[in-house]
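This is start33.cif. It holds mmCIF, C-alpha atoms and all ligand atoms.
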```
data_data
loop_
_atom_site.label_atom_id
_atom_site.label_comp_id
_atom_site.auth_asym_id
_atom_site.auth_seq_id
_atom_site.Cartn_x
_atom_site.Cartn_y
_atom_site.Cartn_z
CA MET A 1 11.76 -7.64 -4.16
CA LYS A 2 8.83 -5.44 -3.23
CA ALA A 3 8.98 -1.73 -4.16
CA ALA A 4 6.67 1.28 -4.41
CA VAL A 5 6.72 2.43 -8.05
CA MET A 6 5.63 5.85 -9.29
CA ARG A 7 3.73 4.93 -12.48
CA ALA A 8 2.28 8.43 -13.07
CA ASN A 9 2.32 11.88 -11.47
CA ASN A 10 -0.41 12.70 -8.95
CA ALA A 11 -1.37 9.05 -8.52
CA PRO A 12 -0.75 6.63 -5.64
CA LEU A 13 2.54 4.70 -5.81
CA GLU A 14 2.01 1.08 -6.90
CA LEU A 15 3.36 -1.73 -4.75
CA GLU A 16 5.00 -4.08 -7.23
CA GLU A 17 7.42 -6.96 -7.53
CA VAL A 18 10.61 -5.47 -9.01
CA ARG A 19 13.83 -7.08 -10.26
CA ILE A 20 17.12 -5.65 -8.99
CA ASP A 21 20.36 -6.47 -10.85
CA ASP A 22 23.60 -7.80 -9.38
CA PRO A 23 26.19 -5.15 -8.48
CA GLY A 24 28.38 -4.10 -11.38
CA PRO A 25 31.77 -2.38 -11.10
CA GLY A 26 31.72 0.28 -8.39
CA GLU A 27 28.23 -0.69 -7.21
CA VAL A 28 26.92 -1.92 -3.87
CA LEU A 29 23.82 -4.02 -3.20
CA LEU A 30 22.06 -3.14 0.06
CA LYS A 31 19.25 -4.52 2.14
CA THR A 32 17.22 -1.41 2.94
CA ALA A 33 16.73 -1.08 6.71
CA ALA A 34 14.80 2.19 6.81
CA SER A 35 13.83 5.10 4.60
CA GLY A 36 12.62 8.47 5.78
CA ILE A 37 9.92 10.16 3.72
CA CYS A 38 10.98 13.63 2.56
CA HIS A 39 8.80 16.32 1.02
CA SER A 40 11.02 16.23 -2.09
CA ASP A 41 9.54 12.77 -2.88
CA LEU A 42 6.11 14.43 -2.75
CA HIS A 43 7.34 17.24 -5.04
CA VAL A 44 8.29 14.56 -7.59
CA ILE A 45 4.88 12.87 -7.31
CA GLU A 46 3.16 16.23 -7.80
CA GLY A 47 5.40 17.24 -10.73
CA GLY A 48 7.13 20.16 -8.94
CA LEU A 49 10.45 18.35 -9.49
CA PRO A 50 10.54 16.70 -12.92
CA VAL A 51 11.44 12.99 -12.78
CA PRO A 52 9.90 10.74 -15.46
CA PRO A 53 7.82 7.71 -14.41
CA PRO A 54 8.12 4.80 -14.00
CA CYS A 55 10.48 5.40 -11.13
CA ILE A 56 11.04 4.21 -7.57
CA LEU A 57 11.27 7.18 -5.20
CA GLY A 58 12.83 7.38 -1.73
CA HIS A 59 16.16 9.07 -1.06
CA GLU A 60 16.64 9.09 2.73
CA PRO A 61 17.93 5.57 3.43
CA ALA A 62 20.01 3.50 5.78
CA GLY A 63 20.82 -0.12 5.09
CA VAL A 64 23.19 -3.05 5.35
CA VAL A 65 25.61 -4.07 2.59
CA GLU A 66 24.77 -7.47 1.03
CA ALA A 67 27.24 -7.64 -1.84
CA VAL A 68 29.75 -5.44 -3.65
CA GLY A 69 30.75 -5.22 -7.32
CA ALA A 70 34.20 -5.30 -8.89
CA GLY A 71 36.61 -2.66 -7.66
CA VAL A 72 34.63 -1.70 -4.54
CA THR A 73 37.11 -1.40 -1.70
CA ASP A 74 35.36 0.92 0.77
CA PHE A 75 32.52 -1.48 1.70
CA THR A 76 32.16 -5.14 2.62
CA PRO A 77 29.04 -7.24 3.30
CA GLY A 78 27.58 -6.49 6.73
CA ASP A 79 28.61 -2.82 6.76
CA HIS A 80 25.95 -0.37 7.98
CA VAL A 81 25.59 2.56 5.61
CA ILE A 82 23.63 5.74 4.93
CA GLY A 83 22.82 6.70 1.32
CA CYS A 84 22.94 10.25 -0.02
CA LEU A 85 21.73 11.64 -3.34
CA THR A 86 24.82 13.80 -3.84
CA SER A 87 27.16 11.15 -5.22
CA TRP A 88 30.37 12.63 -6.57
CA CYS A 89 32.95 12.00 -9.31
CA GLY A 90 36.03 13.17 -7.39
CA VAL A 91 37.71 14.94 -10.32
CA CYS A 92 35.49 17.83 -11.50
CA LYS A 93 36.02 21.43 -10.42
CA PHE A 94 33.30 21.19 -7.76
CA CYS A 95 34.69 17.97 -6.23
CA THR A 96 38.29 19.15 -6.26
CA GLY A 97 37.19 22.64 -5.17
CA GLY A 98 35.66 21.28 -1.96
CA ARG A 99 31.99 21.37 -2.96
CA PRO A 100 31.26 17.77 -4.03
CA TYR A 101 27.53 18.25 -3.37
CA LEU A 102 27.46 20.36 -6.56
CA CYS A 103 29.11 17.63 -8.67
CA PRO A 104 27.14 17.51 -11.93
CA SER A 105 27.71 13.76 -12.36
CA GLN A 106 25.50 12.89 -9.40
CA TYR A 107 22.44 11.80 -11.32
CA ILE A 108 24.35 9.60 -13.76
CA GLY A 109 23.41 5.97 -13.36
CA ARG A 110 24.48 3.09 -15.55
CA ALA A 111 25.20 3.80 -19.23
CA PRO A 112 21.94 3.77 -21.25
CA GLU A 113 23.00 0.68 -23.24
CA SER A 114 23.66 -1.38 -20.06
CA LYS A 115 21.17 -3.56 -18.22
CA PRO A 116 19.06 -1.35 -15.92
CA ARG A 117 19.63 -1.56 -12.19
CA LEU A 118 15.87 -1.85 -11.63
CA SER A 119 13.29 -3.45 -13.92
CA THR A 120 9.93 -5.20 -14.04
CA PRO A 121 9.93 -9.04 -13.91
CA GLY A 122 9.46 -8.79 -17.72
CA GLY A 123 12.66 -6.75 -18.09
CA ASP A 124 11.27 -3.24 -18.68
CA ALA A 125 13.51 -0.61 -17.10
CA ILE A 126 12.28 1.28 -14.02
CA GLY A 127 13.99 4.58 -13.21
CA GLN A 128 16.18 4.91 -10.13
CA PHE A 129 15.66 8.18 -8.26
CA ALA A 130 18.91 9.97 -7.42
CA ASN A 131 20.91 6.70 -7.65
CA LEU A 132 19.05 5.46 -4.54
CA SER A 133 15.33 4.44 -4.78
CA SER A 134 14.85 3.50 -1.16
CA PHE A 135 11.10 2.77 -1.24
CA ALA A 136 12.20 -0.79 -1.93
CA GLU A 137 13.42 -3.79 0.04
CA LYS A 138 16.84 -3.62 -1.64
CA MET A 139 18.94 -0.90 -3.25
CA LEU A 140 21.73 -1.03 -5.87
CA CYS A 141 23.83 2.12 -5.55
CA PRO A 142 27.13 3.54 -6.74
CA GLU A 143 29.64 3.26 -3.87
CA ARG A 144 30.01 7.03 -4.03
CA SER A 145 26.40 7.44 -2.85
CA LEU A 146 27.17 5.67 0.42
CA VAL A 147 28.99 6.22 3.69
CA LYS A 148 29.79 3.60 6.31
CA ILE A 149 28.61 4.34 9.84
CA ARG A 150 29.07 2.84 13.32
CA ASP A 151 27.23 -0.46 13.88
CA ASP A 152 25.74 0.81 17.16
CA MET A 153 23.82 3.64 15.41
CA PRO A 154 20.13 2.59 15.14
CA LEU A 155 19.36 2.39 11.43
CA ASP A 156 15.86 3.95 11.58
CA ARG A 157 17.30 7.14 13.07
CA ALA A 158 20.37 6.93 10.78
CA SER A 159 18.08 7.09 7.74
CA LEU A 160 16.97 10.62 8.67
CA ILE A 161 20.58 11.74 8.23
CA GLY A 162 20.40 10.60 4.58
CA CYS A 163 18.53 13.75 3.50
CA GLY A 164 16.47 15.85 5.93
CA VAL A 165 18.99 16.08 8.74
CA THR A 166 21.99 16.60 6.48
CA THR A 167 20.02 19.27 4.59
CA GLY A 168 18.76 21.23 7.59
CA LEU A 169 21.73 20.79 9.90
CA GLY A 170 24.17 21.45 7.06
CA ALA A 171 22.31 24.62 6.01
CA ALA A 172 23.08 26.01 9.47
CA LEU A 173 26.57 24.49 9.91
CA ASN A 174 28.00 24.57 6.37
CA THR A 175 26.11 26.92 4.04
CA VAL A 176 26.29 29.99 6.28
CA HIS A 177 28.38 30.96 9.27
CA ILE A 178 26.12 31.81 12.23
CA PRO A 179 28.00 33.73 14.94
CA ALA A 180 27.02 32.68 18.49
CA GLY A 181 24.15 34.77 19.81
CA SER A 182 22.64 35.50 16.37
CA SER A 183 18.87 35.59 15.99
CA VAL A 184 17.59 32.79 13.79
CA VAL A 185 14.16 32.07 12.31
CA ILE A 186 13.14 28.66 10.99
CA ILE A 187 10.06 28.73 8.74
CA GLY A 188 8.57 25.24 8.51
CA CYS A 189 9.04 22.62 11.22
CA GLY A 190 9.08 19.45 9.12
CA GLY A 191 12.09 17.14 9.08
CA VAL A 192 14.27 19.68 7.29
CA GLY A 193 13.26 22.69 9.43
CA LEU A 194 13.62 20.80 12.72
CA ALA A 195 17.15 19.82 11.67
CA ALA A 196 18.03 23.44 10.75
CA LEU A 197 16.65 24.48 14.13
CA GLN A 198 18.99 22.02 15.84
CA GLY A 199 21.89 23.34 13.77
CA ALA A 200 21.12 26.84 15.06
CA ARG A 201 21.08 25.52 18.62
CA ILE A 202 24.34 23.58 18.16
CA VAL A 203 26.21 26.67 16.88
CA GLY A 204 24.98 28.71 19.85
CA ALA A 205 22.38 30.97 18.25
CA GLY A 206 20.56 33.36 20.59
CA LYS A 207 16.87 33.64 19.83
CA ILE A 208 15.66 30.69 17.74
CA ILE A 209 12.16 31.36 16.42
CA ALA A 210 10.14 28.48 14.97
CA VAL A 211 7.37 29.42 12.52
CA ASP A 212 4.76 26.91 11.38
CA ALA A 213 1.08 26.86 10.48
CA GLN A 214 0.54 23.76 12.67
CA ALA A 215 0.81 24.88 16.28
CA TRP A 216 1.13 21.28 17.57
CA LYS A 217 4.65 21.23 16.08
CA PHE A 218 5.86 23.81 18.61
CA ASP A 219 5.99 21.20 21.33
CA ILE A 220 8.68 19.35 19.32
CA ALA A 221 10.37 22.61 18.21
CA GLN A 222 10.74 23.74 21.83
CA LYS A 223 12.20 20.38 22.88
CA LEU A 224 14.75 20.74 20.07
CA GLY A 225 15.80 24.29 20.99
CA ALA A 226 13.25 26.89 19.85
CA THR A 227 13.12 29.84 22.23
CA ASP A 228 9.99 31.35 20.63
CA CYS A 229 7.24 30.07 18.35
CA VAL A 230 5.07 31.90 15.83
CA ASP A 231 1.80 30.38 14.60
CA ALA A 232 1.61 31.38 10.93
CA SER A 233 -2.09 30.47 10.82
CA ASP A 234 -2.90 33.12 13.42
CA GLY A 235 -2.05 36.69 12.35
CA ASP A 236 0.90 38.06 10.37
CA PRO A 237 4.04 35.95 11.00
CA VAL A 238 6.30 38.69 9.57
CA ALA A 239 5.08 41.27 12.08
CA ALA A 240 5.41 38.70 14.88
CA VAL A 241 9.05 37.94 13.99
CA GLN A 242 9.88 41.62 13.55
CA GLY A 243 8.42 42.23 17.00
CA LEU A 244 10.45 39.41 18.58
CA THR A 245 13.72 40.50 16.92
CA GLY A 246 13.43 44.27 17.00
CA GLY A 247 13.04 44.65 13.23
CA GLY A 248 14.20 41.39 11.66
CA ALA A 249 16.45 38.38 12.26
CA ASP A 250 20.11 37.81 11.44
CA PHE A 251 19.36 34.51 9.67
CA VAL A 252 16.07 33.20 8.28
CA PHE A 253 15.82 29.64 6.96
CA GLU A 254 12.87 28.96 4.66
CA CYS A 255 12.25 25.22 4.98
CA ILE A 256 8.92 24.77 3.18
CA GLY A 257 9.23 25.78 -0.49
CA LEU A 258 6.19 28.02 -1.06
CA VAL A 259 6.21 31.39 -2.85
CA PRO A 260 4.52 33.29 0.04
CA THR A 261 6.83 31.82 2.71
CA VAL A 262 9.93 32.69 0.65
CA GLN A 263 8.62 36.27 0.49
CA GLN A 264 7.97 36.16 4.24
CA ALA A 265 11.51 34.87 4.82
CA VAL A 266 13.03 37.85 3.03
CA ALA A 267 10.72 40.23 4.91
CA MET A 268 11.64 38.64 8.27
CA THR A 269 15.37 39.09 7.54
CA GLY A 270 16.79 42.16 9.28
CA ARG A 271 19.23 44.75 7.97
CA GLY A 272 22.46 43.03 6.90
CA GLY A 273 20.88 39.65 7.54
CA THR A 274 20.80 36.50 5.42
CA THR A 275 17.87 34.57 4.01
CA VAL A 276 18.67 30.90 3.39
CA LEU A 277 16.38 29.13 0.93
CA VAL A 278 16.24 25.44 1.79
CA GLY A 279 12.68 24.56 0.75
CA VAL A 280 12.24 23.70 -2.92
CA VAL A 281 9.72 25.94 -4.68
CA PRO A 282 8.18 23.98 -7.60
CA ILE A 283 10.38 24.78 -10.60
CA GLN A 284 7.50 26.27 -12.61
CA GLN A 285 6.99 29.09 -10.05
CA LEU A 286 8.90 32.39 -9.72
CA VAL A 287 9.10 34.48 -6.54
CA PRO A 288 8.71 38.28 -6.72
CA ILE A 289 10.85 40.07 -4.14
CA SER A 290 11.93 43.69 -3.69
CA ALA A 291 15.47 44.16 -5.05
CA ALA A 292 15.65 47.62 -3.48
CA ASP A 293 15.02 46.01 -0.11
CA LEU A 294 18.12 43.88 -0.64
CA THR A 295 20.27 46.77 -1.86
CA LEU A 296 19.30 49.40 0.69
CA GLN A 297 19.39 47.04 3.67
CA GLU A 298 22.21 44.84 2.36
CA LYS A 299 20.22 41.68 2.88
CA LYS A 300 21.65 38.53 1.33
CA ILE A 301 19.76 35.57 -0.10
CA THR A 302 21.43 32.22 -0.61
CA GLY A 303 20.21 28.81 -1.64
CA SER A 304 21.34 25.77 0.30
CA TYR A 305 21.54 22.43 -1.48
CA MET A 306 21.66 19.24 0.58
CA GLY A 307 23.24 21.11 3.47
CA SER A 308 26.32 21.96 1.37
CA ASN A 309 27.52 18.51 2.41
CA ARG A 310 30.67 16.49 2.09
CA PHE A 311 28.64 13.56 3.29
CA ARG A 312 31.43 11.05 3.96
CA PHE A 313 32.80 13.66 6.38
CA ASP A 314 29.51 15.09 7.68
CA MET A 315 27.29 12.04 8.17
CA PRO A 316 29.55 10.07 10.55
CA LYS A 317 29.89 13.35 12.49
CA TYR A 318 26.10 13.71 12.71
CA VAL A 319 25.94 10.10 13.94
CA GLU A 320 28.36 11.10 16.73
CA PHE A 321 26.18 14.15 17.46
CA TYR A 322 23.22 11.80 17.93
CA LEU A 323 25.08 9.27 20.05
CA ASP A 324 26.56 11.95 22.31
CA GLY A 325 23.15 13.56 22.81
CA ARG A 326 23.60 16.80 20.86
CA LEU A 327 21.39 15.89 17.90
CA HIS A 328 17.88 14.74 18.77
CA LEU A 329 16.43 12.38 16.21
CA ASP A 330 13.94 10.34 18.28
CA GLU A 331 11.78 13.44 18.80
CA MET A 332 11.63 14.05 15.03
CA ILE A 333 10.08 10.67 14.21
CA SER A 334 6.26 10.81 14.24
CA SER A 335 5.77 7.23 13.10
CA ARG A 336 7.47 4.11 11.82
CA ILE A 337 5.47 2.43 9.08
CA PRO A 338 5.66 -0.53 6.68
CA LEU A 339 6.27 0.12 2.96
CA ASP A 340 2.61 -0.74 2.22
CA GLU A 341 1.55 2.44 4.03
CA VAL A 342 3.58 4.82 1.88
CA ASN A 343 0.58 6.44 0.15
CA GLU A 344 -1.18 7.12 3.45
CA ALA A 345 2.11 8.62 4.67
CA PHE A 346 2.08 11.13 1.80
CA ASP A 347 -1.54 12.04 2.66
CA ARG A 348 -0.47 12.77 6.24
CA MET A 349 2.46 14.86 4.96
CA ARG A 350 0.15 16.89 2.70
CA LYS A 351 -2.07 17.67 5.70
CA GLY A 352 0.92 18.64 7.90
CA GLU A 353 -0.02 15.95 10.43
CA VAL A 354 3.51 14.59 10.93
CA ALA A 355 7.14 15.62 11.49
CA ARG A 356 9.21 12.76 9.97
CA GLN A 357 7.78 9.37 8.99
CA VAL A 358 10.13 6.44 8.53
CA ILE A 359 9.47 3.29 6.54
CA VAL A 360 11.08 0.36 8.34
CA PHE A 361 11.78 -2.98 6.64
CA ASP A 362 11.90 -6.39 8.37
N1 LIG B 1 17.57 22.26 -0.28
C1 LIG B 1 17.62 20.94 -0.30
O1 LIG B 1 18.64 20.36 -0.68
C2 LIG B 1 16.45 20.14 0.18
C3 LIG B 1 16.63 18.81 0.61
C4 LIG B 1 15.52 18.16 1.15
C5 LIG B 1 14.28 18.74 1.17
N2 LIG B 1 14.15 20.00 0.69
C6 LIG B 1 12.86 20.71 0.69
O2 LIG B 1 12.64 21.23 1.98
C7 LIG B 1 11.22 21.46 2.14
C8 LIG B 1 10.76 20.88 3.46
O3 LIG B 1 10.86 19.46 3.44
P1 LIG B 1 10.25 18.60 4.65
O4 LIG B 1 10.44 17.18 4.26
O5 LIG B 1 10.75 19.09 5.95
O6 LIG B 1 8.69 18.98 4.49
P2 LIG B 1 7.45 18.80 5.50
O7 LIG B 1 6.25 18.71 4.65
O8 LIG B 1 7.74 17.69 6.44
O9 LIG B 1 7.46 20.15 6.36
C9 LIG B 1 6.93 21.37 5.91
C10 LIG B 1 6.44 22.15 7.12
O10 LIG B 1 5.94 23.40 6.69
C11 LIG B 1 4.75 23.70 7.39
N3 LIG B 1 3.96 24.64 6.58
C12 LIG B 1 3.31 24.38 5.42
N4 LIG B 1 2.76 25.51 4.92
C13 LIG B 1 3.07 26.51 5.79
C14 LIG B 1 2.83 27.90 5.82
N5 LIG B 1 2.14 28.52 4.85
N6 LIG B 1 3.32 28.64 6.85
C15 LIG B 1 4.04 28.04 7.82
N7 LIG B 1 4.29 26.71 7.86
C16 LIG B 1 3.82 25.95 6.85
C17 LIG B 1 4.10 22.36 7.62
O11 LIG B 1 3.19 22.38 8.71
C18 LIG B 1 5.33 21.48 7.90
O12 LIG B 1 5.64 21.50 9.28
C19 LIG B 1 10.56 20.83 0.91
O13 LIG B 1 10.34 21.83 -0.07
C20 LIG B 1 11.64 19.89 0.40
O14 LIG B 1 11.51 19.59 -0.97
C21 LIG B 1 15.20 20.71 0.22
ZN ZN B 2 14.98 14.93 0.71
ZN ZN B 3 32.58 15.88 -9.45
#
```
Could you quickly redo this structure as structure tokens?
Ligand SMILES: NC(=O)c1ccc[n+]([C@@H]2O[C@H](COP(=O)([O-])OP(=O)(O)OC[C@H]3O[C@@H](n4cnc5c(N)ncnc54)[C@H](O)[C@@H]3O)[C@@H](O)[C@H]2O)c1
Ligand SMILES: [Zn+2]
Ligand SMILES: [Zn+2]
Amino acid sequence: MKAAVMRANNAPLELEEVRIDDPGPGEVLLKTAASGICHSDLHVIEGGLPVPPPCILGHEPAGVVEAVGAGVTDFTPGDHVIGCLTSWCGVCKFCTGGRPYLCPSQYIGRAPESKPRLSTPGGDAIGQFANLSSFAEKMLCPERSLVKIRDDMPLDRASLIGCGVTTGLGAALNTVHIPAGSSVVIIGCGGVGLAALQGARIVGAGKIIAVDAQAWKFDIAQKLGATDCVDASDGDPVAAVQGLTGGGADFVFECIGLVPTVQQAVAMTGRGGTTVLVGVVPIQQLVPISAADLTLQEKKITGSYMGSNRFRFDMPKYVEFYLDGRLHLDEMISSRIPLDEVNEAFDRMRKGEVARQVIVFD
């Protein structure tokens, strides 16, 4: 099969012929239908998230089951599925405590002594990113990375639910409780931020303020529910948000992952408000913030990982949200591209020229 392989950091992905193994116990072989391109893939390429090459990236997929391994009872060939990087073990304290997205087993693939899931035609192992690796024509995943969805859900839009939508929507629906009428700020209107914005709209937030440095994104943000927009490239976005909210917002979602925008997020949060960190700041970087500001104004900061999901419960629900018109996915897709264009897609993402790009396979 054809796949885009990361051979080194900060270099274009290589389009290569790759061997994929047959499904072993508990594994499912998929034909990839579509894969969204998330900024976290770019973080890996740039070294901000450490994943050793060679590796096949891509973690926002939808596909169709081709074959299942021994013991797989939840899937049969022909099933339409979404893949999620938070696979779970089902028995640890996080899984049994209701937070399976924190399960520490999620990055465990096959045992090191077994045949690799992915390899070169010569048999050299190629790493599988987050048990998925969707920048490839086929995928071999643990069944606990997958959820079955309705056959009438278009698979290109379904793929967005695999990461960006579940992350942003879940940050607003699961990680925090947003009382109706609350003021909400979304910093960063990429795939993740536009999904968080829709989560704020779905829970009945009052003012929903979209902040981005690319003013063209406000057209989409307004269609998806933003009541106000702040152009971060024109003046001080913190002062603008404080002006719009009378001193700061109830909830601020940072959906970029930069040190200055995390600091802005805390500064935009009002007294007693909550800052939700969704963007991934490269792990080498620390963020200075005023602790006194948190104490004296009782601001809270929380991280939000993969929308605090229980994805077998959440993703079919998000599919229903799309099909009943509450969740807008068509507006989030800037372009559908073939796998061969993946490097150009990352260039467009670096320049902020796109919302979500989706690789579609024949
Ligand atoms: N918490 C999680 O579990 C999780 C899951 C998925 C992705 N992420 C992270 O979320 C972040 C966003 O991902 P994405 O795919 O939506 O990215 P993206 O590149 O599509 O969107 C980022 C947006 O930020 C805007 N932007 C950039 N610099 C800005 C600035 N200084 N001021 C204002 N706006 C600015 C860009 O114009 C763009 O609209 C990334 O850090 C990604 O790694 C986190
Ligand atoms: Zn992602
Ligand atoms: Zn577990």
*Residues within 6 Å of ligand LIG 1 (chain B) (only C-alpha atoms and all ligand atoms), as a list in words?*
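Residues satisfying the distance criterion: Cys38, His39, Ser40, Cys163, Gly164, Thr167, Gly188, Cys189, Gly190, Gly191, Val192, Gly193, Val211, Asp212, Ala213, Gln214, Ala232, Cys255, Ile256, Gly257, Val278, Gly279, Val280, Ser304, Tyr305, Met306, Met349, Gly352 and Ala355 of chain A.
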Proximity of chain A to ligand ZN 3 (chain B): per-residue shortest pair, 8 Å limit, all atoms listed in the file, as a Markdown table:
```
| residue | atom | partner | partner_atom | distance |
| --- | --- | --- | --- | --- |
| A:Trp88 | CA | B:ZN3 | ZN | 4.9 |
| A:Cys89 | CA | B:ZN3 | ZN | 3.9 |
| A:Gly90 | CA | B:ZN3 | ZN | 4.8 |
| A:Val91 | CA | B:ZN3 | ZN | 5.3 |
| A:Cys92 | CA | B:ZN3 | ZN | 4.1 |
| A:Lys93 | CA | B:ZN3 | ZN | 6.6 |
| A:Phe94 | CA | B:ZN3 | ZN | 5.6 |
| A:Cys95 | CA | B:ZN3 | ZN | 4.4 |
| A:Thr96 | CA | B:ZN3 | ZN | 7.3 |
| A:Pro100 | CA | B:ZN3 | ZN | 5.9 |
| A:Leu102 | CA | B:ZN3 | ZN | 7.4 |
| A:Cys103 | CA | B:ZN3 | ZN | 4.0 |
| A:Pro104 | CA | B:ZN3 | ZN | 6.2 |
| A:Ser105 | CA | B:ZN3 | ZN | 6.1 |
| A:Gln106 | CA | B:ZN3 | ZN | 7.7 |
```
Write out, as a compact mmCIF listing (two decimals), keeping the file's coordinate frame, the residues just selected, with C-alpha atoms.
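Ended up saving to selection-v3.txt:
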```txt
# COMPACT_ATOMS: atom_id res chain seq x y z
CA TRP A 88 30.37 12.63 -6.57
CA CYS A 89 32.95 12.00 -9.31
CA GLY A 90 36.03 13.17 -7.39
CA VAL A 91 37.71 14.94 -10.32
CA CYS A 92 35.49 17.83 -11.50
CA LYS A 93 36.02 21.43 -10.42
CA PHE A 94 33.30 21.19 -7.76
CA CYS A 95 34.69 17.97 -6.23
CA THR A 96 38.29 19.15 -6.26
CA PRO A 100 31.26 17.77 -4.03
CA LEU A 102 27.46 20.36 -6.56
CA CYS A 103 29.11 17.63 -8.67
CA PRO A 104 27.14 17.51 -11.93
CA SER A 105 27.71 13.76 -12.36
CA GLN A 106 25.50 12.89 -9.40
```
*Between atom CA of Met6 of chain A and atom CA of Ile45 of chain A, what is the distance, to one decimal in Å?*
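Atom CA of Ile45 of chain A lies at a distance of 7.3 Å from atom CA of Met6 of chain A.
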*Using only C-alpha atoms, which residues sit within 12 Å of segment 336-346 of chain A once same-chain residues fewer than 4 positions away are excluded, as number ranges by chain?*
A: 1-6, 10-16, 32-46, 57-58, 134-137, 156-157, 159-160, 330, 332, 350-362
*Got a sec: who's within 10 Å of Ala67 of chain A, counting all atoms listed in the file, leaving out chain neighbours fewer than 6 positions off, as a ChimeraX atom specification?*
/A:22-23,27-31,75-79,140
